[in-house]
Amino acid sequence: MRERAGRWLRVLLVATASMIALSCDDGAVVGPRTASRFRMGYAETDITPPVGTILGAYGVPGEGRVTTGTHDPLMGQAALFVNDLGDAFLIVSVDLAGYMWDFGDWGPGIKVLRESIVAALAPTVALLPEHIVIASSHSHASTDLMGFSQEIGEGPNKDLLAAHIQKLTAVAVAAAANLDDTRLFFGSTDLVGLSARDKDCSPVLDNSVAILQARDAKGKVVVTIANYAKHPTIAGEANRLASADYIWGYRQEMKAATGAPAMFLQGFEAAVHGKYSYEDGDDMWDRVYEIGHDLAHAVIDVQGSLAPATEFDIQHRATTYSCPGVDSFMVDAFTLLDMPKRYVTLTDDGGMVVNEIEISWHKLGPAEFVAFPGEPSPEYSVMSKQKMVSPWKFALALANDETGYMVEPQSLANDTTGQLAGYELKMGLGTPAGPKAWEALSSLGWFDGGWKAK
């Protein structure tokens, strides 16, 4: 208890230190300041698991889809933003099929990870857990840290859970050590034709690529972040090599063009894959790279027109909510198979309620971010961005949790193909998942510029 109190005291002291500048040299108080610059730090780490690790996002429990080697390294990447008032925002991107908020008594999840990061950064950066987004890329050629593909009744590898806490805490600390004066540039473009809704179940598709690029005082690129909605499933279910899938090609092309690393943030990709097929003789990895190449060059093509940030405030709003599970595979997995491992409340009628799910909104200068704790349908991306008044808009899926698909009710009602009801609705918490998330998001009071009344 004493250690925890000391940790939060350090956070408070760092935050208070930023207020010293509110006084003149003679001690006269001059009133609240407006942030005028950013510092940013970036770091990365290899989180590729050992050969024989269970891969996620395909198959059924106990199927034994395990790695036989590595095609390209799985990455954990951290970008830490701090303004001159001491406000901070940390984004951590991880090449995982998904990463849960908690794993019950089985082991530590994102909730513990964020607390670990806060404690580690407390001496230098005023950060609360709600100021951190841990976002999975959702590559289907990456580690199963959700626990759906294990043997029945088992959870994910406990050593891997512990290793991710250690490695991702360390990469956040490294990002903080790299903090330096940075200019942020924002932009967006459309990438049409690379993705499509499965069975054309809905005409709604978010083809936008939201872009954030950090450059140092000399104009050199530090990191480029792209937010785009498309399943990383190009390598296919037969693949057994660990890979970030098309995100690998994106990173390679961005590094070649900018000389700097690139991060990827998954968008709202429920029933979003793509129209493509392999011909006899095609190299699967060539196709994987091609998709990443196309995403990278969509970013590179508009790099020269990115707009510099002219405002520097950082804001956060977050809440947790409860959601019942209804008529879905996830409910059956919890109630009948005792997997994945998570804290839930079982109901008398054989159902369940997940009691602690976080959803959040963040502002970084002229950009707004929403972070959904699962895989929402693109309709929610469009709806969220319509509520943003800032010029640059980011919609992050699989952020701080993986509760499965979140289907917007009207899209479900309009779907005559049966795709959404037959698959997406079954691979989540069912019909309540989308409405409950949207209700919680709307309760944060940021819609239509409501955040201005800070």
# chains A, B, ... in the order shown; residues from 1 in each chain; ligands from 1

$ residues_around --residues "Ser377 (chain A)" --least-positions-apart "3" --cutoff "12 Å" --atoms "only C-alpha atoms" --output "PyMOL selection string"
chain A and resi 197-198+201-206+229-230+267-272+372+374+380-384+395-398+404-412+420+424-425+428+433-435+437-438

$ residues_around --residues "Asp294 (chain A)" --least-positions-apart "2" --cutoff "9 Å" --atoms "only C-alpha atoms" --output "list in words"
Leu191, Leu194, Gly249, Tyr250, Tyr289, Glu290, Ile291, Gly292, Ala296, His297, Ala298 and Val299 of chain A

$ select_by_dssp --residues "region 165-400 of chain A" --states "alpha helix (DSSP H)" --output "PyMOL selection string"
chain A and resi 165-177+246-258+284-300+329-337+378-386

$ closest_atom_pairs --of "region 116-213 of chain A" --to "region 352-367 of chain A" --cutoff "12 Å" --atoms "only C-alpha atoms" --output "JSON lines"
{"residue": "A:Pro129", "atom": "CA", "partner": "A:Glu358", "partner_atom": "CA", "distance": 11.0}
{"residue": "A:Glu130", "atom": "CA", "partner": "A:Ser360", "partner_atom": "CA", "distance": 7.8}
{"residue": "A:His131", "atom": "CA", "partner": "A:His362", "partner_atom": "CA", "distance": 8.0}
{"residue": "A:Ile132", "atom": "CA", "partner": "A:His362", "partner_atom": "CA", "distance": 9.6}
{"residue": "A:Val133", "atom": "CA", "partner": "A:Ser360", "partner_atom": "CA", "distance": 8.8}
{"residue": "A:Ile134", "atom": "CA", "partner": "A:Glu358", "partner_atom": "CA", "distance": 11.6}
{"residue": "A:Arg183", "atom": "CA", "partner": "A:Gly365", "partner_atom": "CA", "distance": 11.0}
{"residue": "A:Leu184", "atom": "CA", "partner": "A:Gly365", "partner_atom": "CA", "distance": 8.8}
{"residue": "A:Phe185", "atom": "CA", "partner": "A:Pro366", "partner_atom": "CA", "distance": 9.5}
{"residue": "A:Phe186", "atom": "CA", "partner": "A:Ala367", "partner_atom": "CA", "distance": 7.8}
{"residue": "A:Gly187", "atom": "CA", "partner": "A:Ala367", "partner_atom": "CA", "distance": 9.6}
{"residue": "A:Ser188", "atom": "CA", "partner": "A:Ala367", "partner_atom": "CA", "distance": 11.1}
{"residue": "A:Ala210", "atom": "CA", "partner": "A:Ala367", "partner_atom": "CA", "distance": 9.8}
{"residue": "A:Ile211", "atom": "CA", "partner": "A:Ala367", "partner_atom": "CA", "distance": 10.0}
{"residue": "A:Leu212", "atom": "CA", "partner": "A:Ala367", "partner_atom": "CA", "distance": 9.0}

$ atom_distance --atom1 "CA of Asp46 (chain A)" --atom2 "CA of Trp285 (chain A)"
20.6 Å
